[in-house]
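Chemist: Here you go, one structure.
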Amino acid sequence: MSLTPFRIPIVPELRKNTILSLIAKGLRVDDRDIVTPRNVKIETGVIEKAEGSALVRLGATQVMVGVKAEIGSPFRDTPDEGVITVNAEFVPLASPMFEPGPPDENAIELARVIDRSIREVNAVDRKALVIRPGEKVWVLFIDIYVLNHDGNLFDASMLATMAALATTKLPDYEEYETGDIEIVREKTIGPLKLNHIVLTSTIAKIGDYIIADPNLDEETVSDTRIVFAFDENGRIVGAQKTGMGAITLDELYRALKIAKQAANVYFKSLEEALGGRLPVERQGVEGHG
Amino acid sequence: MGGKAQVRLIDEFGRRHDGRLPEEMRPVRMQVGVLDNSDGSAIVEYGKTKVIAAVYGPREPVQRFMVLPDRALLRVRYHMAPFSTWERKSPAPSRREVELSKVIREAFEDIVLVKLFPRTTIDVFIEVLQADGGTRTAAVTAASLALADAGIPMKALVAGVAVGKIDGVLVLDVDEIEDGSGEADLPVAAAPDIGKITLFQLNGVLTEEELSKAMDMALSAIRQLVELEKKALKEKYAFSREVRSE
């Protein structure tokens, strides 16, 4: 069951008017133009006990992602593929709007959009996660932890997910004569095989204007948002309208253009955080410096 | 992706596995006013996909705190019947159903004139009776009809359809077989009479040119679906007129 949000944060009229009048001039409350995302900071390897982890700050939004690997059984219809699950927790310490409890529709939607964006292009090579076909495969748990909500959880979570996956090292394991397999976490057997790097870029429509990377106030006064997922070559690999409003076809294409520009900034930030190069080959991306 | 297509999804004549051409929809059936207890209801079929929707409201909220002072609160539930799929689906709401309930609700938030009914709830209950691809878009079409049948003022009628990409070809109204092995799936809902897109999702890869062509295909089909909705609503109205004159 999905309900119209009835505990929405109240943005004071004055602040709303400021946001709108600035956007009309192509400006933002935090001194950006409409296509530029907030400052991105990415740290990887922040949790030693996780196989991969990252903390991403997008302006004041903070998201941590931890990747855990377990050995399990493959799904019956994909015996030669590992298993990947994505879960998001909007923990109550992240915002006065978050309550303890199982993931709500917003957390579920976020996890599913990120899951699909990775899955559809096989960004993490699932075939490389097989230990014994049809029997034992790696099961990757990607857990998204929102630590501070200041808007645009999609892009921050996707950046953190990709940064964590790019730095994930699978643990070693031991096979016994009985057929049992036990993980030896003290040793690692190397990185995940990544086929693509996927990042999302979210735009908000506020009145007639389209802006990249909305902060919480902008998000709250926005009509709707569209999340676009791109791979390292600039291909569109997923999209989702999220939020109450509607858009015209023309706005959709304007949104795509702006989203793509902002995505380039995210890709650059991730590249820098990963030591100057992405773990996949790129095939000539236009408009990327 | 792809790879394990047992059936050839597009043959040498450009026909799909069920004989349809790429821009052809499955047979569509719509009927309004099918459940007496509800304020409005409709059943919609896209081929073997069958979805029923019922609307209750505007009415007093079930729980007192669930109100908005300046508008009606929309409650939408997309749910699949346990017998709707080959393998029985557990009746407990899945994560997929939670997400789809949300995107379907959001497809109507800017359509229903909610400001006319402050402090009330409008409930839209959707049950997928048989799932054969395109259930969320058929659900939007059924919800639009049920809301109209309930006499709830709306800016315009809404309908939905999905465009898929299989073997590199864009195809309208993907069914389950096509969805299972396609390269992309683009469910869209729109209110063509006011030029608004109200639901937009993309799973898979499309180039910008393909996205633009797929949107044109979806929107032109949605225009036809909305005409069918108008026809279905008028049919019910004509029938009630007959009853009254008897």
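Residues in the structure tokens are numbered from 1 in each chain, the chains being A, B, ... in the order shown, and ligands are numbered from 1 in the order shown.
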Dump as a PyMOL selection string the residues of chain B that approach chain A to within 8 Å, counting only C-alpha atoms.
Modeler: chain B and resi 1+66-68+73-78+95+98-99+101-103+105-110+195-208
Chemist: Got a sec: who's within 9 Å of B:Leu228, counting only C-alpha atoms, leaving out chain neighbours fewer than 5 positions off, as a PDB file with N, CA and C atoms, in the first residue's frame?
Modeler:
ATOM      1  N   VAL B  28      -7.111  -5.481 -26.543  1.00  0.00           N
ATOM      2  CA  VAL B  28      -7.385  -4.761 -25.302  1.00  0.00           C
ATOM      3  C   VAL B  28      -8.875  -4.842 -24.997  1.00  0.00           C
ATOM      4  N   ARG B  29      -9.202  -5.120 -23.737  1.00  0.00           N
ATOM      5  CA  ARG B  29     -10.601  -5.108 -23.317  1.00  0.00           C
ATOM      6  C   ARG B  29     -10.712  -4.236 -22.075  1.00  0.00           C
ATOM      7  N   MET B  30     -11.719  -3.412 -22.045  1.00  0.00           N
ATOM      8  CA  MET B  30     -11.951  -2.579 -20.857  1.00  0.00           C
ATOM      9  C   MET B  30     -13.428  -2.637 -20.507  1.00  0.00           C
ATOM     10  N   ARG B 223      -2.498   7.316 -26.414  1.00  0.00           N
ATOM     11  CA  ARG B 223      -3.601   8.122 -26.960  1.00  0.00           C
ATOM     12  C   ARG B 223      -4.765   7.229 -27.378  1.00  0.00           C
ATOM     13  N   LEU B 233     -16.232   4.103 -20.782  1.00  0.00           N
ATOM     14  CA  LEU B 233     -17.011   4.889 -19.819  1.00  0.00           C
ATOM     15  C   LEU B 233     -18.364   5.271 -20.401  1.00  0.00           C
TER      16      LEU B 233
END
Chemist: Using DSSP on the backbone coordinates, identify the residues of stretch 14-239 of chain B assigned to strand (DSSP E or B); present them as an MDAnalysis selection string.
Modeler: chainID B and resid 16 28:32 40:46 49:59 68 71 73:80 112 121:130 154 159:166 169:172 184:191 196:206
Chemist: For the residues in the current selection, export C-alpha atoms as a PDB file, in the first residue's frame.
Modeler:
ATOM      1  CA  ARG B  16       6.688 -11.445 -32.931  1.00  0.00           C
ATOM      2  CA  VAL B  28      -7.385  -4.761 -25.302  1.00  0.00           C
ATOM      3  CA  ARG B  29     -10.601  -5.108 -23.317  1.00  0.00           C
ATOM      4  CA  MET B  30     -11.951  -2.579 -20.857  1.00  0.00           C
ATOM      5  CA  GLN B  31     -15.092  -2.710 -18.779  1.00  0.00           C
ATOM      6  CA  VAL B  32     -16.273  -0.208 -16.222  1.00  0.00           C
ATOM      7  CA  GLY B  40     -15.900   2.951  -9.065  1.00  0.00           C
ATOM      8  CA  SER B  41     -14.328  -0.093 -10.672  1.00  0.00           C
ATOM      9  CA  ALA B  42     -12.930  -1.425 -13.904  1.00  0.00           C
ATOM     10  CA  ILE B  43     -11.374  -4.501 -15.416  1.00  0.00           C
ATOM     11  CA  VAL B  44      -8.697  -4.162 -18.074  1.00  0.00           C
ATOM     12  CA  GLU B  45      -7.117  -6.866 -20.219  1.00  0.00           C
ATOM     13  CA  TYR B  46      -4.025  -6.565 -22.399  1.00  0.00           C
ATOM     14  CA  THR B  49      -2.919  -9.855 -18.588  1.00  0.00           C
ATOM     15  CA  LYS B  50      -6.038  -9.180 -16.491  1.00  0.00           C
ATOM     16  CA  VAL B  51      -6.172  -6.418 -13.916  1.00  0.00           C
ATOM     17  CA  ILE B  52      -9.124  -5.270 -11.823  1.00  0.00           C
ATOM     18  CA  ALA B  53      -9.242  -1.970  -9.939  1.00  0.00           C
ATOM     19  CA  ALA B  54     -11.704  -0.545  -7.425  1.00  0.00           C
ATOM     20  CA  VAL B  55     -11.937   2.929  -5.933  1.00  0.00           C
ATOM     21  CA  TYR B  56     -13.381   3.818  -2.542  1.00  0.00           C
ATOM     22  CA  GLY B  57     -13.751   7.461  -1.638  1.00  0.00           C
ATOM     23  CA  PRO B  58     -13.324  10.259  -1.104  1.00  0.00           C
ATOM     24  CA  ARG B  59     -14.107   8.943   2.378  1.00  0.00           C
ATOM     25  CA  LEU B  68      -3.717  16.174   4.920  1.00  0.00           C
ATOM     26  CA  ARG B  71      -6.073  17.850   0.052  1.00  0.00           C
ATOM     27  CA  LEU B  73      -4.696  11.545   0.610  1.00  0.00           C
ATOM     28  CA  LEU B  74      -4.267   8.908  -2.089  1.00  0.00           C
ATOM     29  CA  ARG B  75      -3.809   5.294  -1.052  1.00  0.00           C
ATOM     30  CA  VAL B  76      -2.819   2.894  -3.799  1.00  0.00           C
ATOM     31  CA  ARG B  77      -2.268  -0.815  -3.524  1.00  0.00           C
ATOM     32  CA  TYR B  78      -0.957  -2.856  -6.444  1.00  0.00           C
ATOM     33  CA  HIS B  79      -1.257  -6.495  -5.525  1.00  0.00           C
ATOM     34  CA  MET B  80      -0.945  -9.765  -7.408  1.00  0.00           C
ATOM     35  CA  VAL B 112      -6.688  13.610  -9.407  1.00  0.00           C
ATOM     36  CA  THR B 121      -8.816   9.481   1.634  1.00  0.00           C
ATOM     37  CA  ILE B 122      -9.213   8.158  -1.892  1.00  0.00           C
ATOM     38  CA  ASP B 123      -8.370   4.466  -2.066  1.00  0.00           C
ATOM     39  CA  VAL B 124      -7.368   2.738  -5.274  1.00  0.00           C
ATOM     40  CA  PHE B 125      -7.105  -1.014  -4.875  1.00  0.00           C
ATOM     41  CA  ILE B 126      -5.634  -2.931  -7.787  1.00  0.00           C
ATOM     42  CA  GLU B 127      -5.524  -6.710  -8.091  1.00  0.00           C
ATOM     43  CA  VAL B 128      -3.599  -8.406 -10.865  1.00  0.00           C
ATOM     44  CA  LEU B 129      -5.747 -11.459 -11.636  1.00  0.00           C
ATOM     45  CA  GLN B 130      -3.460 -12.830 -14.323  1.00  0.00           C
ATOM     46  CA  MET B 154      -9.384  14.411 -12.694  1.00  0.00           C
ATOM     47  CA  ALA B 159      -3.332   5.067 -19.561  1.00  0.00           C
ATOM     48  CA  GLY B 160      -0.164   3.039 -19.622  1.00  0.00           C
ATOM     49  CA  VAL B 161       1.782   0.752 -21.914  1.00  0.00           C
ATOM     50  CA  ALA B 162       5.290  -0.693 -21.997  1.00  0.00           C
ATOM     51  CA  VAL B 163       7.698  -0.615 -24.919  1.00  0.00           C
ATOM     52  CA  GLY B 164      10.399  -3.262 -25.030  1.00  0.00           C
ATOM     53  CA  LYS B 165      13.511  -3.892 -27.071  1.00  0.00           C
ATOM     54  CA  ILE B 166      13.977  -7.450 -28.270  1.00  0.00           C
ATOM     55  CA  VAL B 169      13.788  -4.111 -32.331  1.00  0.00           C
ATOM     56  CA  LEU B 170      11.491  -1.794 -30.387  1.00  0.00           C
ATOM     57  CA  VAL B 171       8.174  -3.509 -29.720  1.00  0.00           C
ATOM     58  CA  LEU B 172       4.957  -2.217 -28.199  1.00  0.00           C
ATOM     59  CA  ALA B 184      15.056  -3.199 -22.398  1.00  0.00           C
ATOM     60  CA  ASP B 185      11.653  -2.527 -20.908  1.00  0.00           C
ATOM     61  CA  LEU B 186      10.148   0.962 -20.765  1.00  0.00           C
ATOM     62  CA  PRO B 187       6.830   1.194 -18.920  1.00  0.00           C
ATOM     63  CA  VAL B 188       5.166   4.554 -19.513  1.00  0.00           C
ATOM     64  CA  ALA B 189       1.892   6.107 -18.345  1.00  0.00           C
ATOM     65  CA  ALA B 190       0.612   9.430 -19.538  1.00  0.00           C
ATOM     66  CA  ALA B 191      -2.351  11.750 -19.707  1.00  0.00           C
ATOM     67  CA  LYS B 196       1.858  14.873 -19.251  1.00  0.00           C
ATOM     68  CA  ILE B 197       3.932  11.756 -18.607  1.00  0.00           C
ATOM     69  CA  THR B 198       3.026  10.422 -15.169  1.00  0.00           C
ATOM     70  CA  LEU B 199       4.943   7.141 -14.942  1.00  0.00           C
ATOM     71  CA  PHE B 200       8.333   6.533 -16.494  1.00  0.00           C
ATOM     72  CA  GLN B 201      10.699   3.670 -15.827  1.00  0.00           C
ATOM     73  CA  LEU B 202      13.452   2.078 -17.860  1.00  0.00           C
ATOM     74  CA  ASN B 203      15.061  -1.261 -17.168  1.00  0.00           C
ATOM     75  CA  GLY B 204      17.851  -2.057 -19.561  1.00  0.00           C
ATOM     76  CA  VAL B 205      19.761  -0.223 -22.234  1.00  0.00           C
ATOM     77  CA  LEU B 206      18.414   2.175 -24.853  1.00  0.00           C
TER      78      LEU B 206
END
Chemist: Find the residues near A:Tyr173: any atom within 6 Å, counting only C-alpha atoms, skip ones fewer than 6 places away on the same chain, and give them as JSON, numbers by chain.
Modeler: {"A": [182, 183, 184]}
